[in-house]
Amino acid sequence: MEKSHWTFLGAVTVIFLTTGCSFAPDYTRPKQPVPLKFENAQSQGASIAGIGWRDFFREAELQRLIDQALAHNRDIRIAAARVEEARANWRIEGAPLYPQLDAVGTGTRGRTLFTLPGAGLSPVDTRQISAQLSASWEIDFWGRLRNLRDAARWQYLASEESRRAVATDLVAQVANGYLLEREYQEREALAQRSIETREDSLRIMRRRYEVGSGSRLDMAQAQILLAQARTTLQSLQQDRAVNRNALALLVGRSVEIGPGSLRLTEERQDFALPPGLPSDLLVNRPDIVAAEYQLLAANANIGAARAAFLPNISLTGAYGTMSDELDGLFSDGSEVWSFTPTLSVPLFNAGRLQGNLEGARARRDRAVAEYERTIQVAFRDVSDAMVRRRQLRRQVDTTRELLEAQRERARLAQLRFDSGRSAYLEVLDAQRDLFNAEQTLVQLRRAEIASVVALYSALGGGFAAVPDATIEQTQATGEEQQ
């Protein structure tokens, strides 16, 4: 018995050492379906995707909001739960690669009727107690189980990248909400100053009308100018409240933002943002990395579907003791054991296995298309952000020149009216255009900074990028992590 035992262990060892086949197709990263470089891109310098969000966003108040959003945002929590679910599924899919060991204890008591010569049917009481260790193991000759485990691993890594994508997008959304808050603060301050100035003008026009040196038309025009400023302020207050609600949803709790030092109409911060090459997106953009992991998972599933056509070998064994009485359960001579190798060969399944294989191939083709489309969308996002940043900078410069001209026009119109050389309508038009130019400049300046945030997010910035070697490393270390 001892000899047979060692023979069995040796056979199992040989089988284990020879299980190294895999029918998964060799993976080759699809070619980039985009140009090799961005149009008008800076070719020198590292991509901004390597800059952490704390180094990119220097405002202490904004950093506080982002910290709170990353801690309390519900989308982040949902993504984190999906990661844990994928991690658990990876463990589940990897478990069948190892022998399954169970301890089994049974007790049976019953009565059976036996036919005895000359006595007819006689009842016989039976009792049986057993304690056994049972083991089962499917020998993964063709790599089916390993491919299923690998597919689960790639799905897990894809969920990690999806969480990073959610976090990256969240940081950009919070930053944009913060910039809008600062814009509304600045525009409200401009509107409030205009209201105060126009109230003074209305008092002057009313006084002049009362003493007979001014017309009722001039007074009505001053009232219109004041009402327009008040309407603008009310609209800004409404938009600011809506933006606060949106920020509260992102942060996961109510937000309080005090007056900040960011003067959108007076300060200009230059950002040196070399976007790098489109190939950088393959390792920096979390959605692209996640799409490639999904492609790898689909590739592994093809290997599992192919292996299902081949014979399946499993080993089942049990060792224990059995007795009629509890006190004799572990006595000499009560040992029992069994060893059952099983070979299963699929002969007919009405096309189920072929359907599984064709479905796996179709899912792989879909994953390739989704991966390529994700790259195209990322390239478009970066290109759009670069165009907006370039054009908005020009618009800001032009609007600054326009604003200076409008200020001079308003000053001269006021002098002409005070000297009696023009009607108040000229002052009204000049002040209205000046107010609109001030408001437009703040909007454009905020949009210019937002375009930088959009470029930063489009390049996958905010969090550490996954190294390109991760795909090869996880293939080599997947067994150690189980």
# chains A, B, ... in the order shown; residues from 1 in each chain; ligands from 1
>>> residues_around(residues="Pro341 in chain A", least_positions_apart="5", cutoff="10 Å", atoms="only C-alpha atoms", output="list in words")
Ser136, Trp137, Glu138, Ile313, Ser314, Leu315, Thr316 and Gly317 of chain A
>>> write_last_selection(atoms="N, CA and C atoms", output="tab-separated table (two decimals), in the first residue's frame")
chain	number	residue	atom	x	y	z
A	136	SER	N	-9.99	16.56	-4.62
A	136	SER	CA	-10.31	16.51	-6.04
A	136	SER	C	-9.47	17.56	-6.75
A	137	TRP	N	-9.11	17.25	-7.97
A	137	TRP	CA	-8.25	18.16	-8.73
A	137	TRP	C	-8.45	17.92	-10.20
A	138	GLU	N	-8.76	19.02	-10.93
A	138	GLU	CA	-8.83	18.95	-12.38
A	138	GLU	C	-7.47	19.30	-12.95
A	313	ILE	N	-9.29	15.87	-17.64
A	313	ILE	CA	-8.81	14.86	-16.70
A	313	ILE	C	-8.93	15.41	-15.29
A	314	SER	N	-9.55	14.65	-14.42
A	314	SER	CA	-9.69	15.04	-13.03
A	314	SER	C	-9.37	13.86	-12.13
A	315	LEU	N	-8.85	14.17	-10.96
A	315	LEU	CA	-8.49	13.15	-9.98
A	315	LEU	C	-9.31	13.38	-8.72
A	316	THR	N	-9.85	12.28	-8.21
A	316	THR	CA	-10.63	12.34	-6.97
A	316	THR	C	-10.13	11.24	-6.04
A	317	GLY	N	-9.84	11.59	-4.82
A	317	GLY	CA	-9.36	10.60	-3.86
A	317	GLY	C	-9.91	10.86	-2.48
>>> select_by_dssp(residues="range 277-418 of chain A", states="helix (DSSP H, G or I)", output="PyMOL selection string")
chain A and resi 278-284+286-307+326-328+352-418
>>> closest_residue(among="A:Ser344, A:Gln443, A:Ser201, A:Gln173", to="Ile139 in chain A", atoms="only C-alpha atoms")
A:Ser344
>>> select_by_dssp(residues="range 246-468 of chain A", states="strand (DSSP E)", output="NGL selection string")
:A and (312-323 or 335-344)
>>> atom_distance(atom1="CA of Val377 in chain A", atom2="CA of Ala360 in chain A")
25.4 Å
>>> atom_distance(atom1="CA of Leu428 in chain A", atom2="CA of Val211 in chain A")
21.4 Å
>>> residues_around(residues="Ser457 in chain A", least_positions_apart="6", cutoff="9 Å", atoms="only C-alpha atoms", output="list in words")
Ala49, Thr168, Asp169, Val171, Ala172, Arg285 and Val382 of chain A
>>> write_last_selection(atoms="N, CA and C atoms", output="JSON list (two decimals), in the first residue's frame")
[["chain", "number", "residue", "atom", "x", "y", "z"],
["A", 49, "ALA", "N", 0.99, 64.44, -18.21],
["A", 49, "ALA", "CA", 0.27, 63.35, -17.54],
["A", 49, "ALA", "C", 1.05, 62.84, -16.33],
["A", 168, "THR", "N", -9.77, 60.60, -12.26],
["A", 168, "THR", "CA", -9.21, 61.65, -13.12],
["A", 168, "THR", "C", -10.30, 62.59, -13.60],
["A", 169, "ASP", "N", -11.41, 62.03, -14.05],
["A", 169, "ASP", "CA", -12.52, 62.86, -14.51],
["A", 169, "ASP", "C", -13.11, 63.67, -13.36],
["A", 171, "VAL", "N", -11.52, 64.82, -10.69],
["A", 171, "VAL", "CA", -10.62, 65.94, -10.40],
["A", 171, "VAL", "C", -10.86, 67.08, -11.39],
["A", 172, "ALA", "N", -10.99, 66.74, -12.66],
["A", 172, "ALA", "CA", -11.23, 67.78, -13.68],
["A", 172, "ALA", "C", -12.57, 68.47, -13.46],
["A", 285, "ARG", "N", -3.54, 57.36, -20.37],
["A", 285, "ARG", "CA", -5.00, 57.46, -20.28],
["A", 285, "ARG", "C", -5.55, 56.19, -19.65],
["A", 382, "VAL", "N", -7.58, 65.33, -26.78],
["A", 382, "VAL", "CA", -6.33, 66.09, -26.67],
["A", 382, "VAL", "C", -6.28, 67.17, -27.75]]
>>> closest_residue(among="A:Tyr156, A:Trp337, A:Phe435, A:Phe379", to="Asn89 in chain A", atoms="only C-alpha atoms")
A:Tyr156
>>> closest_residue(among="A:Ala229, A:Ile51, A:Leu101, A:Val396", to="Arg446 in chain A", atoms="only C-alpha atoms")
A:Val396
>>> closest_residue(among="A:Ala298, A:Leu97, A:Ala385, A:Val336", to="Gly359 in chain A", atoms="only C-alpha atoms")
A:Ala298
>>> closest_residue(among="A:Ala430, A:Ala291, A:Leu403, A:Ala458", to="Leu415 in chain A", atoms="only C-alpha atoms")
A:Ala430
>>> residues_around(residues="Ala152 in chain A", least_positions_apart="3", cutoff="10 Å", atoms="only C-alpha atoms", output="MDAnalysis selection string")
chainID A and resid 86:94 146:149 155:158 294 297:298 300:301
>>> closest_residue(among="A:Arg203, A:Arg187, A:Arg411, A:Arg144", to="Gly303 in chain A", atoms="only C-alpha atoms")
A:Arg144
